[in-house]
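Worksheet: one structure, shown below.
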Amino acid sequence: MGSVATLEKLLPVLLAFGCGAVLARRKVVPAEASKAFADYAFLFAVPCYLFGNIYASDLGALFNWRALSGYAATAALAVLMVGLAARARGVREPRGVALRIMAGVQVNTAYFAVPVFITVFGDAAPIFPVLLFQVCVLSLVVISVMELGRADDAAEGGAPGDGAAAAGGASRPVRLARAVVASLTTPLVLACNAGILLNLLALPVPKVVLDGFAFVGDSASPVALFALGLHLGGLGLDVRGTTREEIALIAFKCLAFPLLAWGVCGGLFGVTGDWLNYLVLIAAMPTPQNLFIFAQRYDVGVDLSAALVIKSSVAALLLLPLWIQWAAA
């Protein structure tokens, strides 16, 4: 795929994202509306797309265990690297370390990877196994650390918000269980699991239902990108205020992590061809918006998380043509 063809593939991505940013900056569409668009994509359109495509997929080809094992090993190595780097910088609080690990290792699947893969490859199926691994493993580890850390703070008379949570009377195991259940019952995960289950059981789904899911799912890509553009356009981008830690985390997420995926998956696990390209491109996706949601919920690193979500999204978008060119080489 040449440079011109790469840019042609990216034009719809840039159009949806750029229009959202411009309309928000000019206040034609309020930036606050990004939440409504994002909720539509996250809670409805993307799950419809995931269900329909997983149900119709060849699960044997979809769940390439060599590729998934390689990506898991890459993520584990990245977790260790980011955790050690955070400790070396003097971050001792476990929740602060967990937040930085999430920023450097997790990827924005629903709002970035899915629309990019649909636009570039015409199919987002390779993202499904990584999405499930991310939600069912990586997110659960982060949630566990956050919940246990919040319980410790409340016991020691910590932040006011933590005290309010403790006042509800829920014990640490109960709150942790609630967080885990909430993570596993998001529409994205439920849609993936429902598609896998019906596929394995070979249960017929009426064509009119699948057509309905496809109709709604087709709107997932442009709406998610438009919402992201509105969000970033409303918040703005303070480049001058970027700290060294932000630069390091963004560089790791957008450059080092995909290169690490290429080395581990290709060199150690023998992943080749399309799957190696998919995994490298997935790893190059920006920090997920959930980072900011987690930071707000657990009152840790809120400003840092907001800056990382915005700036890594811009950096990933700028680097996207290079990674697509790499994948097509």
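Ordering of the structure tokens sets the chain letters (A, B, ...), residue numbers begin anew at 1 in every chain, and ligands are numbered from 1 in the order given.
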
(Q) Can you tell me which residues surround Val13 of chain A at a distance of at most 7 Å, considering only C-alpha atoms, apart from same-chain residues fewer than 3 positions away, and format the answer as a count of residues only? (A) 5

Q: Do a neighbour search on Pro30 of chain A at 8 Å with only C-alpha atoms, toss out local chain neighbours closer than 5 positions, and write the hits as an MDAnalysis selection string.
A: chainID A and resid 23:24 230 234

(Q) Can you measure atom CA of Ala316 of chain A to atom CA of Gly52 of chain A for me? One decimal in Å is fine. (A) 28.0 Å

Q) Pick the closest to Leu276 of chain A from A:Phe37, A:Tyr298, A:Phe42, A:Trp326: which is it, counting only C-alpha atoms? A) A:Trp326

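The environment of Arg25 of chain A within 10 Å, counting only C-alpha atoms and disregarding residues fewer than 2 places along the same chain, consists of Cys19, Gly20, Ala21, Val22, Leu23, Lys27, Val28, Val29, Pro30, Ala31, Gly229, Leu230, His231, Leu232, Gly233, Gly234, Leu235 and Gly236 of chain A.
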
Write a file of the selected residues as a JSON list (two decimals), in the first residue's frame, keeping all heavy atoms.
[["chain", "number", "residue", "atom", "x", "y", "z"],
["A", 19, "CYS", "N", -13.78, 17.08, 11.70],
["A", 19, "CYS", "CA", -15.02, 17.86, 11.74],
["A", 19, "CYS", "C", -15.52, 18.01, 13.17],
["A", 19, "CYS", "O", -15.98, 19.10, 13.56],
["A", 19, "CYS", "CB", -16.09, 17.19, 10.88],
["A", 19, "CYS", "SG", -15.87, 17.44, 9.12],
["A", 20, "GLY", "N", -15.41, 16.95, 13.96],
["A", 20, "GLY", "CA", -15.80, 17.05, 15.36],
["A", 20, "GLY", "C", -14.98, 18.09, 16.10],
["A", 20, "GLY", "O", -15.51, 18.91, 16.86],
["A", 21, "ALA", "N", -13.66, 18.06, 15.88],
["A", 21, "ALA", "CA", -12.77, 19.01, 16.55],
["A", 21, "ALA", "C", -13.06, 20.44, 16.12],
["A", 21, "ALA", "O", -13.13, 21.36, 16.96],
["A", 21, "ALA", "CB", -11.31, 18.64, 16.27],
["A", 22, "VAL", "N", -13.23, 20.66, 14.81],
["A", 22, "VAL", "CA", -13.48, 22.01, 14.31],
["A", 22, "VAL", "C", -14.82, 22.54, 14.80],
["A", 22, "VAL", "O", -14.93, 23.71, 15.24],
["A", 22, "VAL", "CB", -13.43, 22.03, 12.76],
["A", 22, "VAL", "CG1", -13.93, 23.36, 12.22],
["A", 22, "VAL", "CG2", -12.01, 21.76, 12.27],
["A", 23, "LEU", "N", -15.85, 21.73, 14.75],
["A", 23, "LEU", "CA", -17.18, 22.18, 15.19],
["A", 23, "LEU", "C", -17.19, 22.51, 16.68],
["A", 23, "LEU", "O", -17.88, 23.44, 17.12],
["A", 23, "LEU", "CB", -18.23, 21.11, 14.87],
["A", 23, "LEU", "CG", -18.52, 20.90, 13.38],
["A", 23, "LEU", "CD1", -19.49, 19.74, 13.19],
["A", 23, "LEU", "CD2", -19.07, 22.18, 12.75],
["A", 27, "LYS", "N", -17.60, 26.19, 18.40],
["A", 27, "LYS", "CA", -18.81, 26.17, 19.22],
["A", 27, "LYS", "C", -20.09, 26.03, 18.40],
["A", 27, "LYS", "O", -21.17, 26.49, 18.80],
["A", 27, "LYS", "CB", -18.88, 27.43, 20.11],
["A", 27, "LYS", "CG", -17.68, 27.58, 21.03],
["A", 27, "LYS", "CD", -17.86, 28.72, 22.01],
["A", 27, "LYS", "CE", -16.60, 28.93, 22.83],
["A", 27, "LYS", "NZ", -16.15, 27.76, 23.55],
["A", 28, "VAL", "N", -19.97, 25.45, 17.21],
["A", 28, "VAL", "CA", -21.15, 25.14, 16.40],
["A", 28, "VAL", "C", -21.92, 23.99, 17.06],
["A", 28, "VAL", "O", -23.15, 24.00, 17.15],
["A", 28, "VAL", "CB", -20.74, 24.76, 14.97],
["A", 28, "VAL", "CG1", -21.97, 24.34, 14.16],
["A", 28, "VAL", "CG2", -20.02, 25.92, 14.30],
["A", 29, "VAL", "N", -21.17, 22.99, 17.51],
["A", 29, "VAL", "CA", -21.71, 21.89, 18.30],
["A", 29, "VAL", "C", -21.02, 21.93, 19.66],
["A", 29, "VAL", "O", -19.78, 21.95, 19.71],
["A", 29, "VAL", "CB", -21.46, 20.52, 17.63],
["A", 29, "VAL", "CG1", -22.01, 19.39, 18.50],
["A", 29, "VAL", "CG2", -22.10, 20.49, 16.25],
["A", 30, "PRO", "N", -21.76, 22.01, 20.76],
["A", 30, "PRO", "CA", -21.11, 22.08, 22.07],
["A", 30, "PRO", "C", -20.26, 20.85, 22.35],
["A", 30, "PRO", "O", -20.68, 19.72, 22.05],
["A", 30, "PRO", "CB", -22.28, 22.20, 23.05],
["A", 30, "PRO", "CG", -23.47, 21.68, 22.31],
["A", 30, "PRO", "CD", -23.23, 22.00, 20.87],
["A", 31, "ALA", "N", -19.09, 21.07, 22.92],
["A", 31, "ALA", "CA", -18.19, 19.96, 23.22],
["A", 31, "ALA", "C", -18.84, 18.97, 24.18],
["A", 31, "ALA", "O", -18.53, 17.77, 24.16],
["A", 31, "ALA", "CB", -16.88, 20.49, 23.81],
["A", 229, "GLY", "N", -13.44, 13.65, 18.36],
["A", 229, "GLY", "CA", -13.06, 14.97, 17.87],
["A", 229, "GLY", "C", -13.72, 16.09, 18.66],
["A", 229, "GLY", "O", -13.07, 17.09, 19.01],
["A", 230, "LEU", "N", -15.01, 15.95, 18.96],
["A", 230, "LEU", "CA", -15.70, 16.94, 19.78],
["A", 230, "LEU", "C", -15.04, 17.07, 21.16],
["A", 230, "LEU", "O", -14.82, 18.18, 21.66],
["A", 230, "LEU", "CB", -17.17, 16.54, 19.97],
["A", 230, "LEU", "CG", -18.16, 16.81, 18.84],
["A", 230, "LEU", "CD1", -19.53, 16.27, 19.22],
["A", 230, "LEU", "CD2", -18.24, 18.29, 18.52],
["A", 231, "HIS", "N", -14.73, 15.93, 21.75],
["A", 231, "HIS", "CA", -14.13, 15.92, 23.09],
["A", 231, "HIS", "C", -12.79, 16.65, 23.09],
["A", 231, "HIS", "O", -12.54, 17.52, 23.93],
["A", 231, "HIS", "CB", -13.97, 14.48, 23.55],
["A", 231, "HIS", "CG", -13.31, 14.34, 24.89],
["A", 231, "HIS", "ND1", -13.95, 14.67, 26.06],
["A", 231, "HIS", "CD2", -12.08, 13.92, 25.24],
["A", 231, "HIS", "CE1", -13.13, 14.45, 27.08],
["A", 231, "HIS", "NE2", -11.99, 14.00, 26.60],
["A", 232, "LEU", "N", -11.93, 16.30, 22.15],
["A", 232, "LEU", "CA", -10.60, 16.90, 22.11],
["A", 232, "LEU", "C", -10.67, 18.36, 21.68],
["A", 232, "LEU", "O", -9.91, 19.19, 22.17],
["A", 232, "LEU", "CB", -9.70, 16.11, 21.17],
["A", 232, "LEU", "CG", -9.45, 14.65, 21.54],
["A", 232, "LEU", "CD1", -8.44, 14.01, 20.60],
["A", 232, "LEU", "CD2", -8.96, 14.55, 22.97],
["A", 233, "GLY", "N", -11.58, 18.68, 20.75],
["A", 233, "GLY", "CA", -11.72, 20.06, 20.31],
["A", 233, "GLY", "C", -12.21, 20.96, 21.43],
["A", 233, "GLY", "O", -11.81, 22.13, 21.52],
["A", 234, "GLY", "N", -13.04, 20.43, 22.31],
["A", 234, "GLY", "CA", -13.54, 21.23, 23.43],
["A", 234, "GLY", "C", -12.50, 21.45, 24.51],
["A", 234, "GLY", "O", -12.41, 22.53, 25.10],
["A", 235, "LEU", "N", -11.67, 20.44, 24.76],
["A", 235, "LEU", "CA", -10.67, 20.57, 25.82],
["A", 235, "LEU", "C", -9.45, 21.35, 25.38],
["A", 235, "LEU", "O", -8.79, 21.99, 26.19],
["A", 235, "LEU", "CB", -10.24, 19.17, 26.29],
["A", 235, "LEU", "CG", -11.28, 18.36, 27.07],
["A", 235, "LEU", "CD1", -10.72, 17.01, 27.46],
["A", 235, "LEU", "CD2", -11.74, 19.11, 28.31],
["A", 236, "GLY", "N", -9.13, 21.31, 24.10],
["A", 236, "GLY", "CA", -7.93, 21.98, 23.62],
["A", 236, "GLY", "C", -6.69, 21.15, 23.89],
["A", 236, "GLY", "O", -6.73, 20.10, 24.53]]

Q | Exercise: Val107 of chain A partners within 9 Å, only C-alpha atoms, chain neighbours under 6 positions left out, as a VMD selection string | A | chain A and resid 113 131 134 253 282 to 288

Based on the selection just made, write N, CA, C and O atoms of those residues as a compact mmCIF listing (two decimals), in the first residue's frame.
# COMPACT_ATOMS: atom_id res chain seq x y z
N ALA A 113 -9.57 2.14 17.84
CA ALA A 113 -9.15 0.98 17.07
C ALA A 113 -10.25 0.44 16.17
O ALA A 113 -10.02 0.13 15.00
N LEU A 131 -9.59 -7.01 22.85
CA LEU A 131 -10.56 -6.29 23.68
C LEU A 131 -10.96 -7.13 24.89
O LEU A 131 -10.99 -6.62 26.02
N GLN A 134 -8.10 -7.37 27.30
CA GLN A 134 -7.90 -6.10 27.99
C GLN A 134 -8.91 -5.90 29.10
O GLN A 134 -8.57 -5.46 30.21
N LYS A 253 3.72 4.56 24.78
CA LYS A 253 2.45 4.03 24.28
C LYS A 253 2.40 4.02 22.76
O LYS A 253 1.95 3.04 22.15
N ILE A 282 -2.71 -2.48 16.56
CA ILE A 282 -3.52 -2.36 17.77
C ILE A 282 -2.70 -1.74 18.90
O ILE A 282 -3.17 -0.86 19.63
N ALA A 283 -1.47 -2.20 19.05
CA ALA A 283 -0.60 -1.67 20.11
C ALA A 283 -0.30 -0.19 19.92
O ALA A 283 0.00 0.52 20.88
N ALA A 284 -0.38 0.30 18.68
CA ALA A 284 -0.10 1.70 18.39
C ALA A 284 -1.28 2.62 18.68
O ALA A 284 -1.16 3.85 18.56
N MET A 285 -2.41 2.06 19.07
CA MET A 285 -3.58 2.88 19.40
C MET A 285 -3.32 3.68 20.68
O MET A 285 -2.51 3.29 21.52
N PRO A 286 -4.00 4.81 20.87
CA PRO A 286 -3.72 5.68 22.02
C PRO A 286 -4.26 5.14 23.34
O PRO A 286 -4.93 4.11 23.40
N THR A 287 -3.93 5.86 24.39
CA THR A 287 -4.43 5.56 25.74
C THR A 287 -5.95 5.66 25.77
O THR A 287 -6.52 6.59 25.20
N PRO A 288 -6.65 4.71 26.41
CA PRO A 288 -8.12 4.72 26.39
C PRO A 288 -8.72 5.82 27.24
O PRO A 288 -8.12 6.26 28.23

Q) Using the chain letters and numbers from this document, which residues of segment 148-302 of chain A does DSSP assign to helix (DSSP H, G or I), as a PyMOL selection string? A) chain A and resi 148-155+160-167+172-184+187-201+207-217+220-235+244-268+273-283+290-298+302

Q) Expressed in Å to a single decimal, how great is the separation between atom CA of Cys136 of chain A and atom CA of Ile196 of chain A? A)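 So the answer is 15.0 Å.
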